[in-house]
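Chemist: Below is one structure. I have some questions about it.
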Amino acid sequence: MPIFPLLAGLFGGLGLFLLGMRLMTTGMRNAAGNALRSLLGKWTRTPLHGLFTGCAITALVQSSSAVTVAVIGFVNAGLLSLPQSVGVIFGSNIGTTATSWIVAAVGVSVNVKALALPMVGLGALLRLTGSRTRRKYFGDALTGFGIFFLGIETLQGTFQHLEQVVDLSAYNIGGIAGVALFAAVGAILTLLMQSSSAAMALVLTAAMSGVITLESAAAATIGTNIGTTSTALLSVIGATYNAKKVAAAHILFNLGTGFVALLGIPVLLKGAAMLAVLGPDFDIATTLALFHTAFNLLGVAMFLPITNRLTAFLDRHIGREEAEMGKPKYLDDTALQAPGLAMDALFMELGRLGDMTRDICRKGLASKFRPGDFLKDRAAVETLIAAIRAYCIKLQPLELSDNAALRMPSALRVIQYYAKALNIVAEIYQQYAELDHQLPGAYAETARAFRREVRRILDAARTPCAPEFAELAKMMYGIEELYHELKEALLKAGAQGSLELDRMVALLEFYSHVRVMCEQAVKGTTYWSRLRDIELTCANADADNEYAWKHEG
(Lines give C-alpha, C1' and ligand atoms only; values in the text may rest on other atoms or scores of the structure.)
Protein backbone atom coordinates (compact mmCIF):
# COMPACT_ATOMS: atom_id res chain seq x y z
CA MET A 1 0.00 0.00 0.00
CA PRO A 2 1.41 3.49 -0.90
CA ILE A 3 2.77 5.55 1.98
CA PHE A 4 0.61 8.65 1.38
CA PRO A 5 -2.77 6.91 1.97
CA LEU A 6 -1.34 5.43 5.16
CA LEU A 7 -0.20 8.82 6.45
CA ALA A 8 -3.52 10.35 5.41
CA GLY A 9 -5.40 7.63 7.27
CA LEU A 10 -3.19 8.00 10.35
CA PHE A 11 -3.46 11.79 10.59
CA GLY A 12 -7.06 11.87 9.44
CA GLY A 13 -8.12 9.26 11.97
CA LEU A 14 -6.25 11.05 14.72
CA GLY A 15 -7.81 14.35 13.64
CA LEU A 16 -11.31 12.84 13.71
CA PHE A 17 -10.65 11.41 17.14
CA LEU A 18 -9.35 14.73 18.53
CA LEU A 19 -12.26 16.64 16.99
CA GLY A 20 -14.72 14.17 18.45
CA MET A 21 -13.10 14.41 21.88
CA ARG A 22 -13.22 18.21 21.73
CA LEU A 23 -16.90 18.26 20.80
CA MET A 24 -17.71 15.71 23.51
CA THR A 25 -15.83 17.66 26.16
CA THR A 26 -17.12 21.14 25.33
CA GLY A 27 -20.64 19.88 24.68
CA MET A 28 -20.97 18.04 27.98
CA ARG A 29 -19.26 20.84 29.92
CA ASN A 30 -21.55 23.51 28.45
CA ALA A 31 -24.61 21.32 28.90
CA ALA A 32 -23.72 20.92 32.56
CA GLY A 33 -23.42 24.71 32.95
CA ASN A 34 -22.81 25.66 36.56
CA ALA A 35 -23.63 22.14 37.69
CA LEU A 36 -19.93 21.21 37.53
CA ARG A 37 -19.01 23.82 40.12
CA SER A 38 -22.12 23.07 42.16
CA LEU A 39 -21.31 19.37 42.32
CA LEU A 40 -17.71 20.03 43.25
CA GLY A 41 -18.79 22.41 45.98
CA LYS A 42 -21.37 20.06 47.53
CA TRP A 43 -19.83 16.63 47.08
CA THR A 44 -16.25 17.13 48.25
CA ARG A 45 -16.61 17.35 52.02
CA THR A 46 -13.80 14.82 52.50
CA PRO A 47 -10.99 13.50 50.26
CA LEU A 48 -13.00 10.29 49.80
CA HIS A 49 -16.08 12.24 48.66
CA GLY A 50 -13.80 14.23 46.37
CA LEU A 51 -12.42 10.99 44.93
CA PHE A 52 -15.84 9.71 43.83
CA THR A 53 -16.92 13.15 42.60
CA GLY A 54 -13.76 13.67 40.55
CA CYS A 55 -14.12 10.22 39.01
CA ALA A 56 -17.78 10.67 38.07
CA ILE A 57 -17.48 14.18 36.64
CA THR A 58 -14.32 13.40 34.65
CA ALA A 59 -15.96 10.30 33.16
CA LEU A 60 -18.95 12.45 32.20
CA VAL A 61 -17.19 15.44 30.62
CA GLN A 62 -14.19 13.40 29.38
CA SER A 63 -11.76 16.12 30.44
CA SER A 64 -9.63 15.97 33.55
CA SER A 65 -8.36 19.44 32.61
CA ALA A 66 -11.84 20.96 33.00
CA VAL A 67 -12.21 19.34 36.42
CA THR A 68 -8.74 20.47 37.50
CA VAL A 69 -9.42 24.09 36.47
CA ALA A 70 -12.68 24.08 38.45
CA VAL A 71 -10.88 22.58 41.47
CA ILE A 72 -8.16 25.24 41.35
CA GLY A 73 -10.84 27.96 41.25
CA PHE A 74 -12.53 26.53 44.35
CA VAL A 75 -9.24 26.26 46.23
CA ASN A 76 -8.32 29.86 45.43
CA ALA A 77 -11.76 31.04 46.53
CA GLY A 78 -11.39 29.21 49.84
CA LEU A 79 -14.39 26.97 49.10
CA LEU A 80 -12.30 23.81 48.91
CA SER A 81 -9.44 22.80 51.14
CA LEU A 82 -6.29 21.38 49.62
CA PRO A 83 -7.02 17.83 50.96
CA GLN A 84 -10.48 17.95 49.37
CA SER A 85 -9.07 19.13 46.04
CA VAL A 86 -6.42 16.40 46.09
CA GLY A 87 -9.19 13.81 46.44
CA VAL A 88 -10.87 15.19 43.31
CA ILE A 89 -7.56 15.04 41.41
CA PHE A 90 -7.11 11.39 42.40
CA GLY A 91 -10.65 10.63 41.23
CA SER A 92 -10.16 12.42 37.91
CA ASN A 93 -7.35 9.99 37.07
CA ILE A 94 -9.75 7.08 37.48
CA GLY A 95 -12.37 8.96 35.45
CA THR A 96 -10.02 9.27 32.46
CA THR A 97 -10.06 5.47 32.10
CA ALA A 98 -13.59 5.84 30.68
CA THR A 99 -12.02 6.40 27.24
CA SER A 100 -10.38 2.95 27.42
CA TRP A 101 -13.73 1.37 28.23
CA ILE A 102 -15.48 3.18 25.37
CA VAL A 103 -12.89 1.92 22.88
CA ALA A 104 -13.07 -1.59 24.40
CA ALA A 105 -16.87 -1.55 24.17
CA VAL A 106 -16.75 -0.63 20.47
CA GLY A 107 -14.05 -3.25 19.79
CA VAL A 108 -13.26 -4.44 16.30
CA SER A 109 -16.39 -6.51 15.70
CA VAL A 110 -18.92 -3.68 15.88
CA ASN A 111 -20.09 -1.96 12.70
CA VAL A 112 -18.77 1.44 13.71
CA LYS A 113 -20.42 3.41 10.90
CA ALA A 114 -23.81 1.95 11.75
CA LEU A 115 -23.28 3.30 15.28
CA ALA A 116 -21.45 6.55 14.52
CA LEU A 117 -23.34 8.05 11.58
CA PRO A 118 -26.75 8.10 13.33
CA MET A 119 -25.06 9.82 16.29
CA VAL A 120 -23.62 12.50 14.02
CA GLY A 121 -26.97 12.99 12.29
CA LEU A 122 -28.97 13.17 15.52
CA GLY A 123 -26.40 15.47 17.10
CA ALA A 124 -26.55 17.84 14.14
CA LEU A 125 -30.37 17.81 14.31
CA LEU A 126 -30.29 18.73 18.02
CA ARG A 127 -27.84 21.54 17.28
CA LEU A 128 -29.98 22.95 14.43
CA THR A 129 -33.31 22.74 16.27
CA GLY A 130 -32.05 23.88 19.66
CA SER A 131 -29.74 26.79 18.87
CA ARG A 132 -31.23 28.84 21.73
CA THR A 133 -31.51 26.04 24.26
CA ARG A 134 -29.13 23.77 26.14
CA ARG A 135 -30.16 21.00 23.73
CA LYS A 136 -27.58 22.25 21.24
CA TYR A 137 -24.78 21.32 23.66
CA PHE A 138 -26.10 17.78 23.98
CA GLY A 139 -26.16 17.74 20.18
CA ASP A 140 -22.50 18.75 20.08
CA ALA A 141 -21.62 16.01 22.56
CA LEU A 142 -23.53 13.37 20.59
CA THR A 143 -21.89 14.50 17.34
CA GLY A 144 -18.54 14.29 19.10
CA PHE A 145 -19.24 10.68 20.10
CA GLY A 146 -20.03 9.80 16.51
CA ILE A 147 -16.89 11.46 15.12
CA PHE A 148 -14.90 9.84 17.94
CA PHE A 149 -16.01 6.37 16.76
CA LEU A 150 -15.28 7.21 13.11
CA GLY A 151 -11.78 8.23 14.13
CA ILE A 152 -11.29 4.90 15.90
CA GLU A 153 -12.42 2.98 12.79
CA THR A 154 -10.08 4.99 10.56
CA LEU A 155 -7.13 4.37 12.87
CA GLN A 156 -7.91 0.65 13.06
CA GLY A 157 -7.99 0.36 9.29
CA THR A 158 -4.75 2.29 8.96
CA PHE A 159 -2.90 0.18 11.52
CA GLN A 160 -3.98 -3.02 9.77
CA HIS A 161 -2.12 -1.87 6.63
CA LEU A 162 0.76 -0.14 8.37
CA GLU A 163 2.78 -3.29 8.94
CA GLN A 164 2.96 -3.79 5.17
CA VAL A 165 5.08 -0.64 4.96
CA VAL A 166 6.80 -0.42 8.36
CA ASP A 167 7.86 -3.40 10.46
CA LEU A 168 6.66 -2.07 13.80
CA SER A 169 7.01 -5.48 15.39
CA ALA A 170 10.76 -4.89 15.43
CA TYR A 171 10.21 -2.33 18.17
CA ASN A 172 8.47 -4.86 20.41
CA ILE A 173 11.81 -5.74 21.96
CA GLY A 174 10.36 -6.64 25.36
CA GLY A 175 12.18 -6.56 28.67
CA ILE A 176 13.13 -3.42 30.59
CA ALA A 177 14.29 -1.60 27.44
CA GLY A 178 11.00 -2.29 25.66
CA VAL A 179 8.91 -1.18 28.63
CA ALA A 180 10.93 2.05 28.94
CA LEU A 181 10.66 2.69 25.18
CA PHE A 182 6.89 2.38 24.99
CA ALA A 183 6.35 4.25 28.26
CA ALA A 184 8.30 7.11 26.66
CA VAL A 185 6.20 6.79 23.49
CA GLY A 186 2.97 7.09 25.51
CA ALA A 187 4.28 10.11 27.42
CA ILE A 188 5.45 11.84 24.22
CA LEU A 189 2.12 11.21 22.47
CA THR A 190 0.28 12.77 25.40
CA LEU A 191 2.68 15.72 25.43
CA LEU A 192 2.26 16.35 21.69
CA MET A 193 -1.52 15.96 21.62
CA GLN A 194 -2.11 17.42 25.11
CA SER A 195 -4.71 14.73 25.66
CA SER A 196 -4.13 11.46 27.48
CA SER A 197 -7.46 10.21 26.11
CA ALA A 198 -6.32 10.75 22.53
CA ALA A 199 -2.98 9.07 23.19
CA MET A 200 -4.75 6.19 24.93
CA ALA A 201 -7.07 5.64 21.95
CA LEU A 202 -4.05 5.54 19.64
CA VAL A 203 -2.35 2.94 21.85
CA LEU A 204 -5.51 0.82 22.09
CA THR A 205 -6.17 0.81 18.36
CA ALA A 206 -2.54 -0.11 17.68
CA ALA A 207 -2.80 -3.02 20.13
CA MET A 208 -6.19 -4.15 18.79
CA SER A 209 -4.75 -4.20 15.27
CA GLY A 210 -1.82 -6.36 16.38
CA VAL A 211 0.80 -3.70 15.64
CA ILE A 212 2.23 -3.76 19.17
CA THR A 213 2.21 -6.43 21.84
CA LEU A 214 0.05 -6.38 24.94
CA GLU A 215 3.07 -5.68 27.16
CA SER A 216 4.19 -2.77 24.95
CA ALA A 217 0.65 -1.35 24.95
CA ALA A 218 0.52 -1.62 28.75
CA ALA A 219 3.78 0.32 29.05
CA ALA A 220 2.49 2.98 26.65
CA THR A 221 -0.72 3.20 28.69
CA ILE A 222 1.32 4.00 31.79
CA GLY A 223 3.25 6.52 29.69
CA THR A 224 0.03 8.37 28.80
CA ASN A 225 -0.68 8.81 32.51
CA ILE A 226 2.83 10.10 33.12
CA GLY A 227 2.52 12.41 30.12
CA THR A 228 -0.43 14.26 31.66
CA THR A 229 2.02 15.78 34.15
CA SER A 230 3.22 18.01 31.29
CA THR A 231 -0.27 19.51 31.05
CA ALA A 232 -0.25 20.18 34.79
CA LEU A 233 3.17 21.82 34.54
CA LEU A 234 2.09 24.04 31.64
CA SER A 235 -1.19 25.01 33.34
CA VAL A 236 0.48 26.51 36.42
CA ILE A 237 3.00 28.75 34.65
CA GLY A 238 2.27 32.13 36.23
CA ALA A 239 -0.46 30.64 38.44
CA THR A 240 -1.05 31.13 42.14
CA TYR A 241 0.65 29.01 44.78
CA ASN A 242 -2.58 27.18 45.56
CA ALA A 243 -2.78 26.16 41.90
CA LYS A 244 0.82 24.98 42.05
CA LYS A 245 0.04 22.83 45.08
CA VAL A 246 -2.86 21.15 43.29
CA ALA A 247 -0.69 20.60 40.19
CA ALA A 248 2.14 19.23 42.35
CA ALA A 249 -0.24 16.73 43.95
CA HIS A 250 -1.36 15.67 40.47
CA ILE A 251 2.25 15.23 39.31
CA LEU A 252 3.33 13.29 42.41
CA PHE A 253 0.32 10.99 42.09
CA ASN A 254 0.89 10.25 38.40
CA LEU A 255 4.64 9.78 38.69
CA GLY A 256 4.37 7.61 41.80
CA THR A 257 1.56 5.51 40.34
CA GLY A 258 3.37 5.20 37.01
CA PHE A 259 6.60 4.04 38.64
CA VAL A 260 4.87 1.33 40.68
CA ALA A 261 2.78 0.24 37.66
CA LEU A 262 5.88 -0.10 35.47
CA LEU A 263 7.48 -2.36 38.07
CA GLY A 264 4.30 -4.43 38.35
CA ILE A 265 3.34 -4.75 34.67
CA PRO A 266 3.57 -8.58 34.60
CA VAL A 267 1.42 -9.03 37.72
CA LEU A 268 -1.13 -6.36 36.78
CA LEU A 269 -1.44 -7.63 33.20
CA LYS A 270 -1.92 -11.21 34.38
CA GLY A 271 -4.66 -10.12 36.77
CA ALA A 272 -6.35 -8.01 34.05
CA ALA A 273 -6.18 -10.89 31.58
CA MET A 274 -7.76 -13.27 34.10
CA LEU A 275 -10.65 -10.85 34.66
CA ALA A 276 -11.05 -10.23 30.94
CA VAL A 277 -11.40 -13.97 30.28
CA LEU A 278 -14.40 -14.01 32.61
CA GLY A 279 -16.25 -11.66 30.25
CA PRO A 280 -18.27 -12.83 27.22
CA ASP A 281 -15.82 -11.43 24.65
CA PHE A 282 -12.16 -11.54 25.63
CA ASP A 283 -10.00 -9.13 23.66
CA ILE A 284 -6.87 -7.04 24.10
CA ALA A 285 -8.82 -3.78 24.46
CA THR A 286 -10.76 -5.08 27.46
CA THR A 287 -7.55 -6.34 29.04
CA LEU A 288 -5.90 -2.94 28.59
CA ALA A 289 -8.97 -1.11 29.91
CA LEU A 290 -8.86 -3.32 33.02
CA PHE A 291 -5.12 -2.76 33.32
CA HIS A 292 -5.55 1.03 32.97
CA THR A 293 -8.22 1.08 35.67
CA ALA A 294 -6.33 -1.30 37.94
CA PHE A 295 -3.11 0.67 38.19
CA ASN A 296 -5.00 3.94 38.77
CA LEU A 297 -6.94 2.25 41.57
CA LEU A 298 -3.63 1.02 42.92
CA GLY A 299 -2.37 4.60 42.91
CA VAL A 300 -5.45 5.77 44.83
CA ALA A 301 -4.94 2.98 47.36
CA MET A 302 -1.35 4.19 47.82
CA PHE A 303 -2.00 7.93 48.04
CA LEU A 304 -5.46 8.38 49.57
CA PRO A 305 -4.43 7.24 53.09
CA ILE A 306 -1.55 9.76 53.10
CA THR A 307 -3.55 12.70 51.73
CA ASN A 308 -3.12 14.81 54.86
CA ARG A 309 0.62 14.15 55.01
CA LEU A 310 0.93 14.92 51.30
CA THR A 311 -0.86 18.26 51.63
CA ALA A 312 1.21 19.15 54.71
CA PHE A 313 4.35 18.44 52.67
CA LEU A 314 3.11 20.68 49.85
CA ASP A 315 2.25 23.46 52.31
CA ARG A 316 5.75 23.31 53.75
CA HIS A 317 7.57 23.40 50.43
CA ILE A 318 5.34 25.48 48.12
CA GLY A 319 4.43 29.05 48.97
CA ARG A 320 5.68 28.89 52.56
CA GLU A 321 6.78 32.53 52.56
CA GLU A 322 3.45 33.97 51.40
CA ALA A 323 1.64 31.69 53.82
CA GLU A 324 3.53 33.35 56.67
CA MET A 325 2.84 36.81 55.22
CA GLY A 326 -0.85 35.96 54.94
CA LYS A 327 -1.22 34.92 58.59
CA PRO A 328 -3.01 37.51 60.76
CA LYS A 329 -0.79 39.25 63.30
CA TYR A 330 -3.48 40.84 65.47
CA LEU A 331 -6.55 38.60 65.15
CA ASP A 332 -6.85 36.23 68.08
CA ASP A 333 -9.84 34.14 69.13
CA THR A 334 -9.16 34.96 72.77
CA ALA A 335 -9.97 38.61 72.00
CA LEU A 336 -13.50 37.53 71.06
CA GLN A 337 -14.24 37.27 74.78
CA ALA A 338 -14.06 41.09 74.84
CA PRO A 339 -15.77 42.41 71.67
CA GLY A 340 -14.16 45.84 72.14
CA LEU A 341 -10.69 44.30 72.02
CA ALA A 342 -11.72 42.18 69.04
CA MET A 343 -12.77 45.31 67.13
CA ASP A 344 -9.41 46.92 67.95
CA ALA A 345 -7.62 43.81 66.65
CA LEU A 346 -9.74 43.94 63.49
CA PHE A 347 -8.82 47.60 63.02
CA MET A 348 -5.10 46.83 63.31
CA GLU A 349 -5.29 43.88 60.91
CA LEU A 350 -7.20 45.92 58.34
CA GLY A 351 -4.48 48.55 58.60
CA ARG A 352 -1.87 45.89 57.86
CA LEU A 353 -3.97 44.67 54.92
CA GLY A 354 -4.05 48.23 53.59
CA ASP A 355 -0.26 48.53 53.80
CA MET A 356 0.20 45.28 51.88
CA THR A 357 -2.36 46.25 49.24
CA ARG A 358 -0.84 49.69 48.64
CA ASP A 359 2.62 48.14 48.32
CA ILE A 360 1.28 45.84 45.60
CA CYS A 361 -0.33 48.82 43.87
CA ARG A 362 2.99 50.66 43.88
CA LYS A 363 4.73 47.64 42.39
CA GLY A 364 2.10 47.56 39.64
CA LEU A 365 3.36 50.98 38.52
CA ALA A 366 7.01 49.92 38.40
CA SER A 367 8.72 49.62 35.03
CA LYS A 368 10.06 46.21 36.07
CA PHE A 369 6.87 44.49 37.17
CA ARG A 370 8.07 41.02 38.18
CA PRO A 371 5.34 38.36 37.87
CA GLY A 372 6.89 36.09 40.50
CA ASP A 373 6.81 38.78 43.18
CA PHE A 374 3.26 39.75 42.31
CA LEU A 375 1.96 36.17 42.56
CA LYS A 376 3.61 35.76 45.96
CA ASP A 377 2.23 39.05 47.28
CA ARG A 378 -1.21 38.42 45.85
CA ALA A 379 -1.43 34.97 47.46
CA ALA A 380 -0.47 36.48 50.84
CA VAL A 381 -3.09 39.24 50.60
CA GLU A 382 -5.82 36.84 49.47
CA THR A 383 -5.00 34.55 52.40
CA LEU A 384 -5.15 37.48 54.82
CA ILE A 385 -8.47 38.69 53.35
CA ALA A 386 -9.96 35.22 53.86
CA ALA A 387 -8.75 35.19 57.49
CA ILE A 388 -10.19 38.65 58.18
CA ARG A 389 -13.56 37.72 56.69
CA ALA A 390 -13.64 34.57 58.82
CA TYR A 391 -12.94 36.70 61.90
CA CYS A 392 -15.75 39.08 60.98
CA ILE A 393 -18.13 36.10 60.80
CA LYS A 394 -17.08 35.16 64.35
CA LEU A 395 -17.70 38.74 65.49
CA GLN A 396 -21.23 39.02 64.10
CA PRO A 397 -23.06 36.86 66.71
CA LEU A 398 -21.35 38.62 69.64
CA GLU A 399 -23.01 41.32 71.71
CA LEU A 400 -21.27 44.29 70.16
CA SER A 401 -21.80 47.82 71.39
CA ASP A 402 -23.99 50.02 69.22
CA ASN A 403 -20.92 51.88 67.98
CA ALA A 404 -19.09 48.66 67.09
CA ALA A 405 -22.18 47.24 65.35
CA LEU A 406 -22.39 50.37 63.22
CA ARG A 407 -18.71 50.05 62.29
CA MET A 408 -18.91 46.42 61.14
CA PRO A 409 -20.37 47.21 57.66
CA SER A 410 -17.55 49.70 57.15
CA ALA A 411 -15.01 47.00 58.02
CA LEU A 412 -16.49 44.72 55.36
CA ARG A 413 -16.46 47.62 52.91
CA VAL A 414 -12.75 48.19 53.57
CA ILE A 415 -12.05 44.56 52.65
CA GLN A 416 -14.02 44.93 49.43
CA TYR A 417 -12.16 48.07 48.37
CA TYR A 418 -8.77 46.47 48.96
CA ALA A 419 -9.88 43.29 47.17
CA LYS A 420 -11.00 45.35 44.16
CA ALA A 421 -7.67 47.19 44.09
CA LEU A 422 -5.87 43.84 44.15
CA ASN A 423 -8.01 42.50 41.30
CA ILE A 424 -7.20 45.54 39.19
CA VAL A 425 -3.47 45.02 39.74
CA ALA A 426 -4.03 41.40 38.63
CA GLU A 427 -5.61 42.70 35.41
CA ILE A 428 -2.63 44.99 34.87
CA TYR A 429 -0.31 42.03 35.45
CA GLN A 430 -2.16 39.74 33.07
CA GLN A 431 -2.60 42.17 30.19
CA TYR A 432 0.00 44.90 30.41
CA ALA A 433 3.13 43.50 32.07
CA GLU A 434 4.86 43.47 28.68
CA LEU A 435 3.33 46.74 27.46
CA ASP A 436 5.78 49.28 26.02
CA HIS A 437 5.26 52.44 28.10
CA GLN A 438 7.71 54.61 26.17
CA LEU A 439 5.78 57.53 24.66
CA PRO A 440 6.93 60.12 22.14
CA GLY A 441 8.03 63.62 23.24
CA ALA A 442 5.91 65.56 25.72
CA TYR A 443 3.44 62.69 26.07
CA ALA A 444 6.01 60.77 28.06
CA GLU A 445 6.24 63.53 30.69
CA THR A 446 2.44 63.62 31.05
CA ALA A 447 2.40 59.87 31.71
CA ARG A 448 5.28 60.14 34.21
CA ALA A 449 3.50 62.96 36.05
CA PHE A 450 0.36 60.82 36.31
CA ARG A 451 2.26 57.83 37.71
CA ARG A 452 4.19 60.05 40.16
CA GLU A 453 0.95 61.53 41.47
CA VAL A 454 -0.58 58.07 41.93
CA ARG A 455 2.47 57.01 43.98
CA ARG A 456 2.22 60.20 46.04
CA ILE A 457 -1.44 59.50 46.81
CA LEU A 458 -0.70 55.89 47.79
CA ASP A 459 2.01 57.15 50.16
CA ALA A 460 -0.32 59.78 51.63
CA ALA A 461 -2.99 57.16 52.24
CA ARG A 462 -0.57 55.10 54.33
CA THR A 463 -0.99 57.08 57.59
CA PRO A 464 -4.24 58.86 58.55
CA CYS A 465 -2.32 60.90 61.12
CA ALA A 466 -0.04 62.39 58.46
CA PRO A 467 -0.81 65.95 57.28
CA GLU A 468 -1.08 64.73 53.68
CA PHE A 469 -4.03 62.51 54.57
CA ALA A 470 -6.28 65.55 54.97
CA GLU A 471 -5.45 66.50 51.39
CA LEU A 472 -6.49 63.19 49.84
CA ALA A 473 -9.76 64.59 48.47
CA LYS A 474 -7.95 67.39 46.65
CA MET A 475 -5.28 64.99 45.46
CA MET A 476 -7.89 62.63 44.01
CA TYR A 477 -9.59 65.46 42.16
CA GLY A 478 -6.15 66.38 40.86
CA ILE A 479 -5.50 62.85 39.64
CA GLU A 480 -8.79 62.97 37.75
CA GLU A 481 -7.60 66.07 35.91
CA LEU A 482 -4.23 64.49 35.17
CA TYR A 483 -5.92 61.36 33.87
CA HIS A 484 -8.10 63.30 31.44
CA GLU A 485 -5.08 65.31 30.32
CA LEU A 486 -3.17 62.08 29.69
CA LYS A 487 -6.16 60.54 27.92
CA GLU A 488 -6.38 63.53 25.54
CA ALA A 489 -2.63 63.32 24.90
CA LEU A 490 -2.81 59.62 24.02
CA LEU A 491 -5.81 60.15 21.73
CA LYS A 492 -3.99 63.00 20.02
CA ALA A 493 -0.86 60.87 19.55
CA GLY A 494 -2.98 58.11 18.03
CA ALA A 495 -4.80 60.50 15.71
CA GLN A 496 -1.52 62.04 14.52
CA GLY A 497 0.01 58.63 13.85
CA SER A 498 2.88 59.02 16.32
CA LEU A 499 1.40 56.13 18.35
CA GLU A 500 0.02 52.88 16.91
CA LEU A 501 -3.73 52.63 17.45
CA ASP A 502 -3.58 49.20 19.10
CA ARG A 503 -0.91 50.41 21.51
CA MET A 504 -2.86 53.61 22.17
CA VAL A 505 -5.95 51.59 23.15
CA ALA A 506 -3.87 49.33 25.41
CA LEU A 507 -2.27 52.34 27.13
CA LEU A 508 -5.66 54.02 27.63
CA GLU A 509 -6.97 50.88 29.31
CA PHE A 510 -3.82 50.60 31.41
CA TYR A 511 -4.03 54.14 32.79
CA SER A 512 -7.78 53.81 33.32
CA HIS A 513 -7.10 50.72 35.46
CA VAL A 514 -4.37 52.57 37.35
CA ARG A 515 -6.76 55.42 38.15
CA VAL A 516 -9.47 53.06 39.44
CA MET A 517 -6.87 51.05 41.37
CA CYS A 518 -5.72 54.22 43.17
CA GLU A 519 -9.32 55.22 43.85
CA GLN A 520 -10.18 51.84 45.42
CA ALA A 521 -7.06 51.90 47.62
CA VAL A 522 -7.91 55.41 48.86
CA LYS A 523 -11.51 54.46 49.59
CA GLY A 524 -10.32 51.48 51.61
CA THR A 525 -7.99 53.65 53.68
CA THR A 526 -10.64 56.34 54.20
CA TYR A 527 -13.24 53.95 55.54
CA TRP A 528 -10.61 52.17 57.61
CA SER A 529 -9.72 55.48 59.31
CA ARG A 530 -13.37 55.91 60.32
CA LEU A 531 -13.49 52.59 62.12
CA ARG A 532 -11.83 54.19 65.15
CA ASP A 533 -12.19 57.57 66.82
CA ILE A 534 -8.97 58.92 65.34
CA GLU A 535 -9.63 62.37 66.84
CA LEU A 536 -8.39 61.02 70.14
CA THR A 537 -5.01 60.09 68.64
CA CYS A 538 -4.21 62.63 65.95
CA ALA A 539 -5.45 66.03 64.97
CA ASN A 540 -5.85 65.44 61.28
CA ALA A 541 -7.78 62.17 61.36
CA ASP A 542 -11.22 63.83 61.08
CA ALA A 543 -10.35 65.26 57.64
CA ASP A 544 -13.36 65.64 55.44
CA ASN A 545 -12.56 63.22 52.61
CA GLU A 546 -15.52 64.07 50.40
CA TYR A 547 -14.12 62.07 47.52
CA ALA A 548 -14.60 58.66 49.12
CA TRP A 549 -18.19 59.44 50.07
CA LYS A 550 -19.05 60.91 46.69
CA HIS A 551 -17.67 57.95 44.75
CA GLU A 552 -19.09 55.34 47.08
CA GLY A 553 -19.55 51.77 45.86
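Going by the C-alpha coordinates order, chains are called A, B, ..., each with residues numbered from 1, while ligands are numbered from 1 in the order shown.
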Skipping near chain neighbours, those fewer than 5 positions away, what residues fall within 9 Å of stretch 257-274 of chain A using only C-alpha atoms, listed as a list of chain:residue names?

Modeler: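 Everything that qualifies: A:Val179, A:Ala180, A:Ala183, A:Leu214, A:Glu215, A:Ala218, A:Ala219, A:Ile222, A:Gly223, A:Asn225, A:Ile226, A:Leu252, A:Phe282, A:Asp283, A:Ile284, A:Thr286, A:Thr287, A:Leu288, A:Ala289, A:Leu290, A:Phe291, A:Ala294, A:Phe295, A:Asn296, A:Leu298, A:Gly299, A:Val300, A:Met302, A:Phe303.
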
Chemist: Find the residues near A:Phe138: any atom within 8 Å, counting only C-alpha atoms, skip ones fewer than 2 places away on the same chain, and give them as a list of chain:residue names.

Modeler: A:Gly27, A:Met28, A:Ala31, A:Gly123, A:Leu126, A:Arg127, A:Arg134, A:Arg135, A:Lys136, A:Asp140, A:Ala141, A:Leu142

Chemist: Tell me, as a list in words, which residues lie within 8 Å of A:Gly340, counting only C-alpha atoms; anything in the same chain fewer than 2 positions away does not count.

Modeler: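 Residues meeting the cut-off are Ala338, Ala342, Met343, Asp344, Leu400, Ser401 and Ala404 of chain A.
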
Chemist: Write to file, as a CSV table (one decimal), in the first residue's frame, the residues of the selection just made, with N, CA and C atoms.

Modeler:
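Now in selection.csv:
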chain,number,residue,atom,x,y,z
A,338,ALA,N,-13.8,39.7,74.6
A,338,ALA,CA,-14.1,41.1,74.8
A,338,ALA,C,-14.2,41.8,73.5
A,342,ALA,N,-11.7,42.8,70.3
A,342,ALA,CA,-11.7,42.2,69.0
A,342,ALA,C,-11.8,43.2,67.9
A,343,MET,N,-12.6,44.3,68.1
A,343,MET,CA,-12.8,45.3,67.1
A,343,MET,C,-11.4,46.1,67.0
A,344,ASP,N,-10.7,46.3,68.1
A,344,ASP,CA,-9.4,46.9,68.0
A,344,ASP,C,-8.4,46.0,67.1
A,400,LEU,N,-22.1,43.1,70.4
A,400,LEU,CA,-21.3,44.3,70.2
A,400,LEU,C,-22.0,45.5,70.7
A,401,SER,N,-21.2,46.5,71.0
A,401,SER,CA,-21.8,47.8,71.4
A,401,SER,C,-22.4,48.4,70.1
A,404,ALA,N,-19.8,49.7,67.8
A,404,ALA,CA,-19.1,48.7,67.1
A,404,ALA,C,-20.0,48.0,66.0

Chemist: So how many Å separate atom CA of A:Ala345 and atom CA of A:Lys394, to one decimal?

Modeler: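 According to the coordinates, atom CA of A:Ala345 and atom CA of A:Lys394 are separated by 13.0 Å.
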
Chemist: With a distance cut-off of 7 Å and only C-alpha atoms, select the neighbouring residues of A:Ala220, excluding the residue or stretch itself and same-chain residues fewer than 6 positions from it, and output the selection as a PyMOL selection string.

Modeler: chain A and resi 182-183+185-186+203

Chemist: Identify which of the residues A:Ala495, A:Met356, A:Leu486, A:Leu350 lies closest to A:Leu531, counting only C-alpha atoms when measuring atom-to-atom distances.

Modeler: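 Under the stated criterion, the closest residue is A:Leu350.
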